Amino acid sequence: MSKLYKVSEALELAELIEENEIKDCARIIQKGGLVAFPTETVYGLGANAFDKDAAKKIYEAKGRPSDNPLIVHISNMEMLKMVVKEVGEDAKRLIDEFFPAPLTLIMKKSDLIPDEITSGLDTVGVRMPKNKIALALIEASGVPIAAPSANVSGRPSPTHYKHVIEDLGGRVDAILCAQDCEIGIESTILDISERDWKILRPGAIGIGDLEKFHERLSYVNFDESQKPKAPGMKYRHYSPNAEVKIVPFDMDEFSFQELIRESSKDCKVYVIDIKNSTTLAKSVFKKFREADESGYDIILVREVCGDDMSEAVMNRIRKAAGHK
Ligand code: TXA
Ligand code: MG
């Protein structure tokens, strides 16, 4: 069975590092084991990023395709230097401004990072999370921690420790338990490894926050018919068992109620109608799981639009609905 550890989220970072629970989990990481832990985006499934055998265990526990590379989590700038080849001027300004943040940077990898972490790519995704428990675990471990989201591949990402237990209980050595993740969807991924910077996955940090750091920055075309730059984007993702259907944001209330009535005739229909994109992001994966637990057949989700967070959360919902 996985060992469950609880720590107080009210403690400061320096205090957390001294907690026995964090020290125990850090020892597991150092010995090549797996520890699931909270971040401000979603829960991560962590292992020592310098240890190729530990990396393999991550893929096994999640049932993750081996061509989908892992994000490496750091807690200080010394670790960054160990993980990446070099940090250019624009990258340095970006990192000074944002880290720690829900932002993953794709950069040329150092030789210390094994191919098992990056699926053979010469780049690595690196992120310094903002969550204090995550930072304390990395700092206490003394090594960068490779961590994908702590769900079984294809399932909605976990935003509460109970979701991690549901998916990975028994398959990991330990779970560091906290409550709901603050943001609820995964980090923005920005590829800065080439001259043109590209947002590979939208997240809480939007293009408006990033574009002043580099002249040539754009979204990649998220059209999956092309070879996706972030390998993970090609897989079926975030999916509940129920069928997800998107309701256009401008559908009037009367028609929406009519649609719910119609759909409910021979199906159990779960409705997600949250107008605020930040609130929707925080709860959408949790609601997908709730709908499955209660045996719903269809999830109707009202579309949001108009800001960067809407773009990010709709990206997940479209994938869950099986759209490109
Ligand atoms: O918020 C997050 O980023 C969470 C928490 C735990 O930090 N992690 C997360 O990891 O979402 P995961 O494995 O579920 O998604 C990582 C994505 C995948 O789509 C993967 O293909 C992409 O990052 N990725 C990782 N390394 C890459 C690289 N070198 N080049 C391009 N894409 C990369
Ligand atoms: Mg994931």
# chains A, B, ... in the order shown; residues from 1 in each chain; ligands from 1
>>> residues_near_ligand(ligand="ligand 2", cutoff="9 Å", atoms="only C-alpha atoms and all ligand atoms", output="ChimeraX atom specification")
/A:42,44,148-157,186,232,237-238
>>> residues_around(residues="region 13-24 of chain A", least_positions_apart="5", cutoff="12 Å", atoms="only C-alpha atoms", output="VMD selection string")
chain A and resid 3 to 8 29 to 31 33 to 37 75 130 to 142 173 to 177
>>> write_last_selection(atoms="N, CA, C and O atoms", output="tab-separated table (two decimals), in the first residue's frame")
chain	number	residue	atom	x	y	z
A	3	LYS	N	2.04	4.73	1.36
A	3	LYS	CA	1.98	5.38	2.67
A	3	LYS	C	1.43	6.80	2.48
A	3	LYS	O	1.88	7.52	1.58
A	4	LEU	N	0.46	7.18	3.32
A	4	LEU	CA	-0.12	8.52	3.20
A	4	LEU	C	0.51	9.45	4.24
A	4	LEU	O	0.58	9.10	5.42
A	5	TYR	N	0.95	10.60	3.79
A	5	TYR	CA	1.53	11.60	4.70
A	5	TYR	C	0.71	12.87	4.64
A	5	TYR	O	0.37	13.33	3.55
A	6	LYS	N	0.43	13.45	5.81
A	6	LYS	CA	-0.27	14.74	5.82
A	6	LYS	C	0.62	15.80	6.46
A	6	LYS	O	1.22	15.55	7.50
A	7	VAL	N	0.71	16.93	5.83
A	7	VAL	CA	1.45	18.06	6.43
A	7	VAL	C	0.55	19.28	6.40
A	7	VAL	O	-0.34	19.38	5.57
A	8	SER	N	0.82	20.20	7.33
A	8	SER	CA	-0.02	21.40	7.39
A	8	SER	C	0.36	22.37	6.29
A	8	SER	O	1.52	22.75	6.15
A	29	ILE	N	12.48	9.50	-2.30
A	29	ILE	CA	12.95	10.02	-3.60
A	29	ILE	C	14.43	9.67	-3.78
A	29	ILE	O	14.84	9.16	-4.84
A	30	GLN	N	15.22	9.93	-2.74
A	30	GLN	CA	16.68	9.68	-2.85
A	30	GLN	C	16.99	8.22	-3.12
A	30	GLN	O	17.96	7.88	-3.79
A	31	LYS	N	16.13	7.34	-2.58
A	31	LYS	CA	16.37	5.89	-2.77
A	31	LYS	C	15.78	5.37	-4.07
A	31	LYS	O	15.76	4.15	-4.31
A	33	GLY	N	12.51	5.85	-5.13
A	33	GLY	CA	11.08	5.52	-5.04
A	33	GLY	C	10.20	6.62	-5.65
A	33	GLY	O	10.69	7.61	-6.19
A	34	LEU	N	8.88	6.38	-5.56
A	34	LEU	CA	7.90	7.31	-6.14
A	34	LEU	C	7.09	7.99	-5.04
A	34	LEU	O	6.56	7.33	-4.15
A	35	VAL	N	6.99	9.31	-5.12
A	35	VAL	CA	6.17	10.08	-4.16
A	35	VAL	C	5.23	11.00	-4.94
A	35	VAL	O	5.69	11.81	-5.75
A	36	ALA	N	3.93	10.88	-4.70
A	36	ALA	CA	2.98	11.82	-5.29
A	36	ALA	C	2.86	13.02	-4.36
A	36	ALA	O	2.85	12.87	-3.14
A	37	PHE	N	2.79	14.21	-4.94
A	37	PHE	CA	2.80	15.43	-4.10
A	37	PHE	C	1.94	16.53	-4.75
A	37	PHE	O	1.76	16.54	-5.98
A	75	SER	N	13.73	23.50	-7.20
A	75	SER	CA	13.35	24.40	-6.10
A	75	SER	C	14.32	25.58	-5.97
A	75	SER	O	14.11	26.45	-5.14
A	130	LYS	N	5.09	26.67	-7.37
A	130	LYS	CA	4.90	27.70	-6.34
A	130	LYS	C	4.47	27.07	-5.01
A	130	LYS	O	4.71	27.64	-3.96
A	131	ASN	N	3.84	25.92	-5.10
A	131	ASN	CA	3.30	25.27	-3.91
A	131	ASN	C	4.43	24.95	-2.91
A	131	ASN	O	5.45	24.37	-3.26
A	132	LYS	N	4.21	25.34	-1.63
A	132	LYS	CA	5.27	25.20	-0.62
A	132	LYS	C	5.60	23.75	-0.32
A	132	LYS	O	6.76	23.42	-0.05
A	133	ILE	N	4.60	22.89	-0.34
A	133	ILE	CA	4.86	21.48	-0.03
A	133	ILE	C	5.74	20.87	-1.13
A	133	ILE	O	6.70	20.14	-0.86
A	134	ALA	N	5.44	21.25	-2.38
A	134	ALA	CA	6.26	20.76	-3.50
A	134	ALA	C	7.69	21.27	-3.36
A	134	ALA	O	8.66	20.50	-3.47
A	135	LEU	N	7.83	22.56	-3.10
A	135	LEU	CA	9.18	23.14	-2.98
A	135	LEU	C	9.94	22.48	-1.82
A	135	LEU	O	11.13	22.18	-1.95
A	136	ALA	N	9.26	22.26	-0.70
A	136	ALA	CA	9.91	21.65	0.47
A	136	ALA	C	10.40	20.24	0.13
A	136	ALA	O	11.51	19.85	0.49
A	137	LEU	N	9.57	19.49	-0.59
A	137	LEU	CA	9.96	18.12	-0.94
A	137	LEU	C	11.20	18.13	-1.84
A	137	LEU	O	12.14	17.34	-1.63
A	138	ILE	N	11.21	19.00	-2.84
A	138	ILE	CA	12.35	19.05	-3.77
A	138	ILE	C	13.61	19.48	-3.01
A	138	ILE	O	14.68	18.86	-3.13
A	139	GLU	N	13.46	20.52	-2.21
A	139	GLU	CA	14.60	21.06	-1.46
A	139	GLU	C	15.16	20.00	-0.51
A	139	GLU	O	16.37	19.78	-0.44
A	140	ALA	N	14.26	19.30	0.21
A	140	ALA	CA	14.71	18.28	1.16
A	140	ALA	C	15.34	17.09	0.44
A	140	ALA	O	16.26	16.45	0.96
A	141	SER	N	14.87	16.79	-0.75
A	141	SER	CA	15.44	15.68	-1.52
A	141	SER	C	16.82	16.03	-2.04
A	141	SER	O	17.66	15.15	-2.22
A	142	GLY	N	17.04	17.30	-2.33
A	142	GLY	CA	18.34	17.75	-2.81
A	142	GLY	C	18.59	17.42	-4.27
A	142	GLY	O	19.69	17.60	-4.78
A	173	ASP	N	5.06	4.66	-3.67
A	173	ASP	CA	5.52	4.43	-2.30
A	173	ASP	C	4.81	5.33	-1.30
A	173	ASP	O	4.48	4.91	-0.19
A	174	ALA	N	4.60	6.58	-1.68
A	174	ALA	CA	4.00	7.53	-0.72
A	174	ALA	C	3.18	8.58	-1.45
A	174	ALA	O	3.43	8.89	-2.61
A	175	ILE	N	2.20	9.11	-0.72
A	175	ILE	CA	1.40	10.23	-1.24
A	175	ILE	C	1.41	11.33	-0.19
A	175	ILE	O	1.05	11.09	0.97
A	176	LEU	N	1.87	12.51	-0.58
A	176	LEU	CA	1.81	13.68	0.31
A	176	LEU	C	0.45	14.32	0.09
A	176	LEU	O	0.14	14.80	-1.00
A	177	CYS	N	-0.35	14.31	1.15
A	177	CYS	CA	-1.76	14.70	0.99
A	177	CYS	C	-1.98	16.17	1.34
A	177	CYS	O	-1.55	16.64	2.39
>>> residues_near_ligand(ligand="ligand 1", cutoff="6 Å", atoms="only C-alpha atoms and all ligand atoms", output="list in words")
Thr41, Val42, Tyr43, Gly44, Asn68, Pro69, Leu70, Ile71, Ile106, Thr118, Thr123, Val124, Gly125, Ala147, Pro148, Ser149, Glu186, Ser187, Lys229, Ala230, Pro231, Gly232 and Met233 of chain A
>>> closest_residue(among="A:Val247, A:Glu116, A:Thr39, A:Phe254", to="Asp273 (chain A)", atoms="only C-alpha atoms")
A:Val247
>>> select_by_dssp(residues="region 137-167 of chain A", states="alpha helix (DSSP H)", output="PyMOL selection string")
chain A and resi 137-141+161-167
>>> residues_around(residues="Ala291 (chain A)", least_positions_apart="2", cutoff="12 Å", atoms="only C-alpha atoms", output="ChimeraX atom specification")
/A:156,239-244,268-272,284-289,293-301
>>> closest_residue(among="A:Ala320, A:Ala146, A:Leu94, A:Ile274", to="Ala54 (chain A)", atoms="only C-alpha atoms")
A:Ala146
>>> decode(residues="region 144-244 of chain A", atoms="C-alpha atoms", output="CSV table (one decimal), in the first residue's frame")
chain,number,residue,atom,x,y,z
A,144,PRO,CA,15.3,17.8,-9.1
A,145,ILE,CA,12.1,15.8,-9.2
A,146,ALA,CA,10.6,14.5,-12.5
A,147,ALA,CA,6.9,14.5,-12.3
A,148,PRO,CA,4.0,14.1,-14.6
A,149,SER,CA,0.4,14.6,-13.4
A,150,ALA,CA,-0.4,11.9,-10.8
A,151,ASN,CA,-3.2,10.2,-12.7
A,152,VAL,CA,-3.5,7.0,-14.7
A,153,SER,CA,-2.7,8.0,-18.3
A,154,GLY,CA,-5.8,9.4,-20.0
A,155,ARG,CA,-7.8,10.1,-16.9
A,156,PRO,CA,-8.6,13.6,-15.6
A,157,SER,CA,-5.7,15.1,-13.8
A,158,PRO,CA,-5.8,14.9,-10.0
A,159,THR,CA,-6.6,18.1,-8.1
A,160,HIS,CA,-7.2,16.5,-4.6
A,161,TYR,CA,-5.2,13.8,-2.8
A,162,LYS,CA,-8.3,11.5,-3.0
A,163,HIS,CA,-8.0,11.5,-6.8
A,164,VAL,CA,-4.4,10.3,-6.5
A,165,ILE,CA,-5.4,7.5,-4.1
A,166,GLU,CA,-8.2,6.5,-6.6
A,167,ASP,CA,-5.7,6.3,-9.5
A,168,LEU,CA,-2.4,5.3,-8.0
A,169,GLY,CA,-3.1,4.0,-4.5
A,170,GLY,CA,-0.8,0.9,-4.1
A,171,ARG,CA,1.3,1.8,-7.1
A,172,VAL,CA,3.5,4.5,-5.5
A,173,ASP,CA,5.5,4.4,-2.3
A,174,ALA,CA,4.0,7.5,-0.7
A,175,ILE,CA,1.4,10.2,-1.2
A,176,LEU,CA,1.8,13.7,0.3
A,177,CYS,CA,-1.8,14.7,1.0
A,178,ALA,CA,-3.1,18.2,0.8
A,179,GLN,CA,-6.5,19.6,-0.3
A,180,ASP,CA,-7.6,21.1,-3.6
A,181,CYS,CA,-4.9,22.5,-5.9
A,182,GLU,CA,-5.2,26.2,-6.2
A,183,ILE,CA,-5.3,26.4,-10.1
A,184,GLY,CA,-6.7,23.0,-11.1
A,185,ILE,CA,-5.2,22.7,-14.6
A,186,GLU,CA,-1.6,22.0,-15.6
A,187,SER,CA,1.1,24.6,-16.2
A,188,THR,CA,1.6,26.6,-19.3
A,189,ILE,CA,4.3,25.0,-21.5
A,190,LEU,CA,6.6,27.5,-23.3
A,191,ASP,CA,9.3,26.2,-25.6
A,192,ILE,CA,12.2,28.6,-25.6
A,193,SER,CA,14.7,26.1,-27.0
A,194,GLU,CA,14.7,27.7,-30.4
A,195,ARG,CA,14.7,31.3,-31.8
A,196,ASP,CA,10.9,31.4,-32.0
A,197,TRP,CA,9.3,30.8,-28.7
A,198,LYS,CA,6.1,28.7,-28.8
A,199,ILE,CA,3.4,28.1,-26.2
A,200,LEU,CA,2.8,24.3,-26.5
A,201,ARG,CA,0.1,24.1,-23.9
A,202,PRO,CA,-2.0,27.0,-22.6
A,203,GLY,CA,-2.3,27.5,-18.8
A,204,ALA,CA,-2.8,30.0,-16.1
A,205,ILE,CA,0.1,32.1,-17.4
A,206,GLY,CA,-1.1,33.5,-20.7
A,207,ILE,CA,0.4,34.8,-23.9
A,208,GLY,CA,-0.2,38.4,-22.6
A,209,ASP,CA,2.0,37.8,-19.6
A,210,LEU,CA,4.8,36.3,-21.7
A,211,GLU,CA,5.1,38.2,-25.0
A,212,LYS,CA,7.0,41.1,-23.6
A,213,PHE,CA,9.9,38.8,-22.9
A,214,HIS,CA,10.6,37.8,-26.5
A,215,GLU,CA,9.9,39.4,-29.8
A,216,ARG,CA,9.0,36.1,-31.5
A,217,LEU,CA,6.4,34.3,-29.4
A,218,SER,CA,3.3,32.6,-30.5
A,219,TYR,CA,0.9,29.7,-29.8
A,220,VAL,CA,1.6,26.5,-31.7
A,221,ASN,CA,-1.3,25.4,-33.8
A,222,PHE,CA,-3.0,23.0,-31.5
A,223,ASP,CA,-4.3,21.1,-34.5
A,224,GLU,CA,-3.3,17.5,-33.7
A,225,SER,CA,-3.1,16.4,-37.3
A,226,GLN,CA,0.4,17.9,-37.3
A,227,LYS,CA,3.1,16.2,-35.3
A,228,PRO,CA,2.6,17.9,-31.9
A,229,LYS,CA,5.6,19.6,-30.4
A,230,ALA,CA,4.7,18.5,-26.9
A,231,PRO,CA,4.4,14.8,-27.5
A,232,GLY,CA,1.8,14.4,-24.7
A,233,MET,CA,-0.7,16.6,-26.6
A,234,LYS,CA,-1.4,13.9,-29.1
A,235,TYR,CA,-2.9,11.4,-26.6
A,236,ARG,CA,-6.5,11.2,-25.5
A,237,HIS,CA,-6.5,13.2,-22.3
A,238,TYR,CA,-8.4,14.4,-19.3
A,239,SER,CA,-11.2,12.0,-20.1
A,240,PRO,CA,-14.0,10.9,-17.9
A,241,ASN,CA,-16.0,7.8,-18.9
A,242,ALA,CA,-19.0,10.0,-19.5
A,243,GLU,CA,-19.3,11.6,-22.9
A,244,VAL,CA,-18.3,15.3,-22.7
